[in-house]
Amino acid sequence: MRHCRSCLRLPCFGRARPGVPGSLCWLTGVTLAGMAGRVRVREISDDEGNRLKRIVRRGSGSVVTWRRAQMVLWSAQGMSVAQIAGLAFTSEDRVRDVLHNFNADGFDSLYPRYAGGRPPVFTLAQRREIKKIAKSKPAEHGLPFSRWSLAKLAEFLVAEGVVDDISHEGLRELLHAENVSFQAVKTWKASADPHYAAKKGRVDHLYAIADGEAAAGPGDPQVVFCVDEFGPLNLQPRPGRQWARRGGTARDPGERPRRRLRATYHRTGGVRHLFAALELGADKMYGHIKKRKRRGEFLEFCRYVRGLHPPQVRIAIVCDNYSPHLTTRKDKRVGQWAAAGNAEIAYTPTNSSWMNRIECQFTALREFTLNGTDHATHREQNSMIRRYIAWRNRHTADPRLRRIVKRANVA
């Protein structure tokens, strides 16, 4: 492209030479005839256009660089200064300066030349405003986004005048220092149980009795169990973790390769279900494995739990409102057994099975008995589950295990 020295780098329209592509020199300012010309970026090549697109799409680095590259790319796409200023939320003079500088210095003009010294320190008011905006929804500010990205948030902060400039990494570090992180939006399901408060209060009171924080009153149990089912337990290779040599390193002579699990399988062995109970006072876990988990199997397990203490000792069983646990108009066996067996069935509220303390016990059981295994038979799998429960009960006095259980029981 030919630049006119007489214009002192001011854009003008030079004379087009036939057969010379790009000889029509797009410049800004005044022309040779003294007429005001349209401010526009010089003609850019495909490589330059792709480089500008990468800068805009990547969105990494300084927000100033990103905004300048965006203005240049818009101009190369044929937009006027007024259109660019409207899209970038800035003044037309600022757009003209960016285009002038790019025409003169190329891509070097996109990168801000900051003086040396310590990085900018944001005031307490600025940090609070940045934190407040980051935790808000973009729609609250009239923006058509469902969430903030670092690029969009940094651009909005600069456009709103909260800060003069902030890089994406600087913004990330600032938010990290303010205990703000990028998290997945979690779902939350409220319990529609009309007796939520009463059921939760009863369960909390039973836990207080079991923990020795409250005295048992008339009609209160002396022993509290938490009961739930775990399963279905089928026969299949389950993903897990193991200690092994790092990949890409040579094995020692005679060393066996890393253990792997088969990728194809057929689940033809049926399923099993674990009925588990946790005695809160003694911190003992009990389990029976059944082929079905109907009301009859639940009552069989309840009779076993009842037999762990003398009949005169009143017990309470905390469980969720899964249908086999309930007393219905057609089947009153559960209620009749509880009345005859000096036992209380305390149900957690609907959609609130998280209150059952046995839930946290299933995490370790799954990790150490199922994950990373490929049991050939239900007998083998059931044996490992039973042996783990026995091991757990023998180590309840372990101080490290006690600390973990105490943290898990906070709920």
# chains A, B, ... in the order shown; residues from 1 in each chain; ligands from 1

$ select_by_dssp --residues "stretch 67-257 of chain A" --states "strand (DSSP E)" --output "PyMOL selection string"
chain A and resi 223-234

$ residues_around --residues "A:Arg54" --least-positions-apart "6" --cutoff "12 Å" --atoms "only C-alpha atoms" --output "PyMOL selection string"
chain A and resi 47-48+60+65-66+69-70+73

$ atom_distance --atom1 "atom CA of A:Tyr111" --atom2 "atom CA of A:Val63"
9.8 Å

$ closest_atom_pairs --of "stretch 223-302 of chain A" --to "stretch 320-325 of chain A" --cutoff "8 Å" --atoms "only C-alpha atoms" --output "tab-separated table"
residue	atom	partner	partner_atom	distance
A:Asp228	CA	A:Asp320	CA	7.4
A:Lys293	CA	A:Pro324	CA	7.7
A:Arg294	CA	A:Pro324	CA	5.6
A:Arg295	CA	A:Pro324	CA	4.3
A:Phe298	CA	A:Pro324	CA	6.9

$ write_last_selection --atoms "C-alpha atoms" --output "short mmCIF file (atom, residue, chain, number, x, y, z; two decimals), in the first residue's frame"
data_model
loop_
_atom_site.label_atom_id
_atom_site.label_comp_id
_atom_site.auth_asym_id
_atom_site.auth_seq_id
_atom_site.Cartn_x
_atom_site.Cartn_y
_atom_site.Cartn_z
CA ASP A 228 -31.70 -46.65 54.62
CA LYS A 293 -36.40 -54.04 48.83
CA ARG A 294 -40.09 -54.36 49.45
CA ARG A 295 -42.01 -53.76 52.65
CA PHE A 298 -37.77 -53.80 55.30
#

$ residues_around --residues "A:Glu300" --least-positions-apart "6" --cutoff "12 Å" --atoms "only C-alpha atoms" --output "ChimeraX atom specification"
/A:275,287-290,292-294,306-307,324-325,333-334,337

$ residues_around --residues "A:Thr373" --least-positions-apart "3" --cutoff "9 Å" --atoms "only C-alpha atoms" --output "PDB file with N, CA and C atoms, in the first residue's frame"
ATOM      1  N   GLN A 236     -20.709 -55.404  37.609  1.00  0.00           N
ATOM      2  CA  GLN A 236     -20.159 -54.689  36.464  1.00  0.00           C
ATOM      3  C   GLN A 236     -18.825 -54.086  36.862  1.00  0.00           C
ATOM      4  N   PRO A 237     -17.936 -53.848  35.904  1.00  0.00           N
ATOM      5  CA  PRO A 237     -16.689 -53.136  36.231  1.00  0.00           C
ATOM      6  C   PRO A 237     -17.000 -51.685  36.572  1.00  0.00           C
ATOM      7  N   ARG A 238     -16.478 -51.249  37.692  1.00  0.00           N
ATOM      8  CA  ARG A 238     -16.763 -49.896  38.179  1.00  0.00           C
ATOM      9  C   ARG A 238     -15.496 -49.056  38.136  1.00  0.00           C
ATOM     10  N   PRO A 239     -15.573 -47.861  37.597  1.00  0.00           N
ATOM     11  CA  PRO A 239     -14.374 -47.006  37.544  1.00  0.00           C
ATOM     12  C   PRO A 239     -13.904 -46.643  38.939  1.00  0.00           C
ATOM     13  N   GLY A 240     -12.610 -46.536  39.080  1.00  0.00           N
ATOM     14  CA  GLY A 240     -12.032 -46.175  40.371  1.00  0.00           C
ATOM     15  C   GLY A 240     -10.612 -45.679  40.188  1.00  0.00           C
ATOM     16  N   LEU A 261      -9.608 -52.518  33.789  1.00  0.00           N
ATOM     17  CA  LEU A 261     -10.933 -53.113  33.858  1.00  0.00           C
ATOM     18  C   LEU A 261     -11.446 -53.365  32.448  1.00  0.00           C
ATOM     19  N   THR A 369     -15.329 -50.487  48.580  1.00  0.00           N
ATOM     20  CA  THR A 369     -15.822 -51.833  48.286  1.00  0.00           C
ATOM     21  C   THR A 369     -16.280 -52.007  46.839  1.00  0.00           C
ATOM     22  N   LEU A 370     -16.615 -50.910  46.151  1.00  0.00           N
ATOM     23  CA  LEU A 370     -17.151 -51.030  44.800  1.00  0.00           C
ATOM     24  C   LEU A 370     -16.284 -50.358  43.746  1.00  0.00           C
TER      25      LEU A 370
END

$ select_by_dssp --residues "stretch 47-101 of chain A" --states "alpha helix (DSSP H)" --output "short mmCIF file (atom, residue, chain, number, x, y, z; two decimals) with N, CA and C atoms, in the first residue's frame"
data_model
loop_
_atom_site.label_atom_id
_atom_site.label_comp_id
_atom_site.auth_asym_id
_atom_site.auth_seq_id
_atom_site.Cartn_x
_atom_site.Cartn_y
_atom_site.Cartn_z
N ASP A 47 -3.77 -12.48 6.74
CA ASP A 47 -3.06 -12.85 7.96
C ASP A 47 -3.35 -11.86 9.09
N GLU A 48 -3.35 -10.58 8.74
CA GLU A 48 -3.65 -9.57 9.77
C GLU A 48 -5.10 -9.70 10.25
N GLY A 49 -6.02 -9.95 9.32
CA GLY A 49 -7.41 -10.12 9.72
C GLY A 49 -7.60 -11.31 10.65
N ASN A 50 -6.95 -12.43 10.33
CA ASN A 50 -7.05 -13.60 11.20
C ASN A 50 -6.41 -13.34 12.56
N ARG A 51 -5.32 -12.58 12.57
CA ARG A 51 -4.69 -12.25 13.86
C ARG A 51 -5.61 -11.39 14.71
N LEU A 52 -6.26 -10.42 14.09
CA LEU A 52 -7.22 -9.60 14.84
C LEU A 52 -8.37 -10.45 15.37
N LYS A 53 -8.83 -11.38 14.55
CA LYS A 53 -9.93 -12.24 14.99
C LYS A 53 -9.52 -13.11 16.17
N ARG A 54 -8.27 -13.61 16.16
CA ARG A 54 -7.81 -14.42 17.28
C ARG A 54 -7.74 -13.61 18.56
N ILE A 55 -7.29 -12.38 18.45
CA ILE A 55 -7.21 -11.53 19.65
C ILE A 55 -8.61 -11.29 20.22
N VAL A 56 -9.57 -11.01 19.34
CA VAL A 56 -10.92 -10.71 19.79
C VAL A 56 -11.59 -11.95 20.37
N ARG A 57 -11.41 -13.08 19.72
CA ARG A 57 -12.08 -14.30 20.18
C ARG A 57 -11.45 -14.84 21.45
N ARG A 58 -10.11 -14.78 21.53
CA ARG A 58 -9.45 -15.35 22.69
C ARG A 58 -9.79 -14.58 23.95
N VAL A 63 -7.66 -5.89 28.67
CA VAL A 63 -8.94 -5.50 28.09
C VAL A 63 -8.73 -4.38 27.06
N VAL A 64 -7.73 -3.55 27.29
CA VAL A 64 -7.46 -2.45 26.35
C VAL A 64 -7.08 -3.01 24.99
N THR A 65 -6.22 -4.02 24.98
CA THR A 65 -5.84 -4.66 23.71
C THR A 65 -7.05 -5.25 23.01
N TRP A 66 -7.87 -5.91 23.76
CA TRP A 66 -9.07 -6.54 23.20
C TRP A 66 -10.00 -5.51 22.58
N ARG A 67 -10.19 -4.38 23.28
CA ARG A 67 -11.10 -3.35 22.78
C ARG A 67 -10.52 -2.68 21.54
N ARG A 68 -9.23 -2.42 21.53
CA ARG A 68 -8.61 -1.79 20.37
C ARG A 68 -8.69 -2.71 19.15
N ALA A 69 -8.38 -4.01 19.33
CA ALA A 69 -8.47 -4.96 18.22
C ALA A 69 -9.89 -5.05 17.70
N GLN A 70 -10.86 -4.96 18.60
CA GLN A 70 -12.26 -5.02 18.19
C GLN A 70 -12.61 -3.82 17.31
N MET A 71 -12.16 -2.64 17.69
CA MET A 71 -12.44 -1.45 16.89
C MET A 71 -11.82 -1.55 15.51
N VAL A 72 -10.56 -2.02 15.46
CA VAL A 72 -9.88 -2.14 14.17
C VAL A 72 -10.59 -3.15 13.28
N LEU A 73 -11.00 -4.28 13.86
CA LEU A 73 -11.67 -5.31 13.08
C LEU A 73 -13.02 -4.81 12.57
N TRP A 74 -13.74 -4.09 13.38
CA TRP A 74 -15.02 -3.53 12.92
C TRP A 74 -14.81 -2.56 11.75
N SER A 75 -13.75 -1.75 11.86
CA SER A 75 -13.47 -0.81 10.78
C SER A 75 -13.10 -1.56 9.51
N ALA A 76 -12.32 -2.63 9.65
CA ALA A 76 -11.95 -3.43 8.48
C ALA A 76 -13.16 -4.10 7.85
N VAL A 81 -17.14 5.15 11.87
CA VAL A 81 -16.68 5.52 13.21
C VAL A 81 -17.86 5.65 14.16
N ALA A 82 -18.95 6.22 13.68
CA ALA A 82 -20.12 6.37 14.56
C ALA A 82 -20.68 5.01 14.98
N GLN A 83 -20.71 4.06 14.06
CA GLN A 83 -21.21 2.72 14.41
C GLN A 83 -20.29 2.04 15.41
N ILE A 84 -18.99 2.17 15.20
CA ILE A 84 -18.04 1.54 16.12
C ILE A 84 -18.15 2.16 17.50
N ALA A 85 -18.28 3.48 17.56
CA ALA A 85 -18.39 4.14 18.86
C ALA A 85 -19.64 3.68 19.61
N GLY A 86 -20.72 3.46 18.87
CA GLY A 86 -21.94 2.98 19.52
C GLY A 86 -21.81 1.56 20.03
N LEU A 87 -21.14 0.70 19.28
CA LEU A 87 -20.98 -0.68 19.72
C LEU A 87 -19.98 -0.80 20.87
N ALA A 88 -18.96 0.03 20.87
CA ALA A 88 -17.91 -0.06 21.89
C ALA A 88 -18.20 0.82 23.10
N GLU A 92 -16.33 8.91 19.52
CA GLU A 92 -15.83 8.80 18.16
C GLU A 92 -14.37 9.22 18.09
N ASP A 93 -13.97 10.21 18.90
CA ASP A 93 -12.57 10.63 18.90
C ASP A 93 -11.66 9.49 19.33
N ARG A 94 -12.13 8.70 20.30
CA ARG A 94 -11.32 7.56 20.75
C ARG A 94 -11.17 6.53 19.63
N VAL A 95 -12.23 6.29 18.88
CA VAL A 95 -12.15 5.34 17.77
C VAL A 95 -11.18 5.85 16.71
N ARG A 96 -11.26 7.14 16.42
CA ARG A 96 -10.34 7.71 15.41
C ARG A 96 -8.89 7.57 15.86
N ASP A 97 -8.61 7.82 17.15
CA ASP A 97 -7.24 7.68 17.65
C ASP A 97 -6.74 6.25 17.48
N VAL A 98 -7.59 5.26 17.80
CA VAL A 98 -7.18 3.86 17.67
C VAL A 98 -6.87 3.53 16.21
N LEU A 99 -7.73 3.99 15.27
CA LEU A 99 -7.49 3.69 13.87
C LEU A 99 -6.26 4.41 13.34
N HIS A 100 -6.06 5.68 13.75
CA HIS A 100 -4.85 6.40 13.35
C HIS A 100 -3.60 5.66 13.81
N ASN A 101 -3.59 5.25 15.06
CA ASN A 101 -2.41 4.59 15.62
C ASN A 101 -2.15 3.25 14.94
#

$ residues_around --residues "stretch 123-139 of chain A" --least-positions-apart "3" --cutoff "10 Å" --atoms "only C-alpha atoms" --output "PyMOL selection string"
chain A and resi 120+142-150+152-154+156-157+162-163+171+174-175+177-182

$ write_last_selection --atoms "N, CA and C atoms" --output "tab-separated table (two decimals), in the first residue's frame"
chain	number	residue	atom	x	y	z
A	120	PRO	N	-1.20	-1.62	39.41
A	120	PRO	CA	-2.18	-0.71	40.03
A	120	PRO	C	-2.81	-1.33	41.27
A	142	GLY	N	-28.80	-4.71	32.28
A	142	GLY	CA	-29.30	-4.52	30.92
A	142	GLY	C	-28.50	-5.22	29.85
A	143	LEU	N	-27.72	-6.23	30.21
A	143	LEU	CA	-26.90	-6.94	29.25
A	143	LEU	C	-27.52	-8.29	28.91
A	144	PRO	N	-27.42	-8.73	27.67
A	144	PRO	CA	-28.07	-9.99	27.26
A	144	PRO	C	-27.20	-11.21	27.53
A	145	PHE	N	-26.69	-11.35	28.75
A	145	PHE	CA	-25.86	-12.49	29.11
A	145	PHE	C	-26.47	-13.18	30.31
A	146	SER	N	-26.28	-14.50	30.35
A	146	SER	CA	-26.76	-15.24	31.52
A	146	SER	C	-25.72	-15.29	32.63
A	147	ARG	N	-24.46	-15.06	32.29
A	147	ARG	CA	-23.39	-15.07	33.30
A	147	ARG	C	-22.26	-14.17	32.83
A	148	TRP	N	-21.36	-13.86	33.75
A	148	TRP	CA	-20.18	-13.07	33.43
A	148	TRP	C	-19.04	-14.00	33.01
A	149	SER	N	-18.28	-13.60	32.03
A	149	SER	CA	-16.95	-14.16	31.79
A	149	SER	C	-15.94	-13.10	32.22
A	150	LEU	N	-14.70	-13.51	32.38
A	150	LEU	CA	-13.70	-12.52	32.77
A	150	LEU	C	-13.60	-11.41	31.74
A	152	LYS	N	-15.98	-10.29	29.59
A	152	LYS	CA	-17.15	-9.42	29.63
A	152	LYS	C	-17.18	-8.59	30.90
A	153	LEU	N	-16.79	-9.19	32.03
A	153	LEU	CA	-16.80	-8.45	33.29
A	153	LEU	C	-15.76	-7.35	33.27
A	154	ALA	N	-14.56	-7.67	32.78
A	154	ALA	CA	-13.52	-6.64	32.71
A	154	ALA	C	-13.92	-5.50	31.78
A	156	PHE	N	-16.94	-4.54	31.05
A	156	PHE	CA	-18.03	-3.77	31.67
A	156	PHE	C	-17.47	-2.85	32.76
A	157	LEU	N	-16.49	-3.33	33.53
A	157	LEU	CA	-15.92	-2.50	34.60
A	157	LEU	C	-15.22	-1.28	34.01
A	162	VAL	N	-15.56	1.97	36.58
A	162	VAL	CA	-15.18	1.46	37.91
A	162	VAL	C	-13.66	1.44	38.03
A	163	VAL	N	-12.98	1.00	36.96
A	163	VAL	CA	-11.52	1.01	36.91
A	163	VAL	C	-11.12	1.55	35.54
A	171	LEU	N	-8.03	-9.42	37.21
A	171	LEU	CA	-9.40	-9.53	37.71
A	171	LEU	C	-9.61	-10.85	38.41
A	174	LEU	N	-7.95	-10.69	41.79
A	174	LEU	CA	-8.70	-9.84	42.71
A	174	LEU	C	-9.93	-10.56	43.25
A	175	LEU	N	-10.67	-11.23	42.36
A	175	LEU	CA	-11.85	-11.97	42.82
A	175	LEU	C	-11.46	-13.11	43.75
A	177	ALA	N	-8.90	-13.15	45.76
A	177	ALA	CA	-8.59	-12.55	47.05
A	177	ALA	C	-9.84	-12.15	47.82
A	178	GLU	N	-10.92	-11.87	47.09
A	178	GLU	CA	-12.18	-11.49	47.73
A	178	GLU	C	-13.09	-12.71	47.95
A	179	ASN	N	-12.53	-13.93	47.82
A	179	ASN	CA	-13.29	-15.18	48.04
A	179	ASN	C	-14.46	-15.32	47.08
A	180	VAL	N	-14.26	-14.89	45.85
A	180	VAL	CA	-15.27	-15.06	44.80
A	180	VAL	C	-14.67	-15.97	43.74
A	181	SER	N	-15.32	-17.08	43.43
A	181	SER	CA	-14.83	-18.04	42.45
A	181	SER	C	-15.92	-18.35	41.44
A	182	PHE	N	-15.51	-18.93	40.33
A	182	PHE	CA	-16.43	-19.30	39.25
A	182	PHE	C	-17.00	-20.67	39.57

$ residues_around --residues "A:Asp220" --least-positions-apart "4" --cutoff "10 Å" --atoms "only C-alpha atoms" --output "PyMOL selection string"
chain A and resi 205-206+209+215-216+224+314-316+343-344

$ write_last_selection --atoms "C-alpha atoms" --output "short mmCIF file (atom, residue, chain, number, x, y, z; two decimals), in the first residue's frame"
data_model
loop_
_atom_site.label_atom_id
_atom_site.label_comp_id
_atom_site.auth_asym_id
_atom_site.auth_seq_id
_atom_site.Cartn_x
_atom_site.Cartn_y
_atom_site.Cartn_z
CA HIS A 205 -34.40 -34.06 68.95
CA LEU A 206 -33.63 -37.75 68.43
CA ILE A 209 -30.70 -37.63 72.57
CA ALA A 215 -32.24 -35.97 78.10
CA ALA A 216 -34.81 -38.53 77.00
CA VAL A 224 -31.58 -44.28 67.88
CA ARG A 314 -37.33 -48.34 73.39
CA ILE A 315 -35.68 -47.63 70.04
CA ALA A 316 -36.27 -45.13 67.26
CA ALA A 343 -40.21 -48.80 68.55
CA GLU A 344 -40.74 -45.43 66.90
#

$ closest_residue --among "A:Lys284, A:Pro232, A:Asp105, A:Trp188" --to "A:His395" --atoms "only C-alpha atoms"
A:Lys284

$ atom_distance --atom1 "atom CA of A:Tyr347" --atom2 "atom CA of A:Cys319"
5.2 Å

$ atom_distance --atom1 "atom CA of A:Val271" --atom2 "atom CA of A:Lys291"
6.6 Å
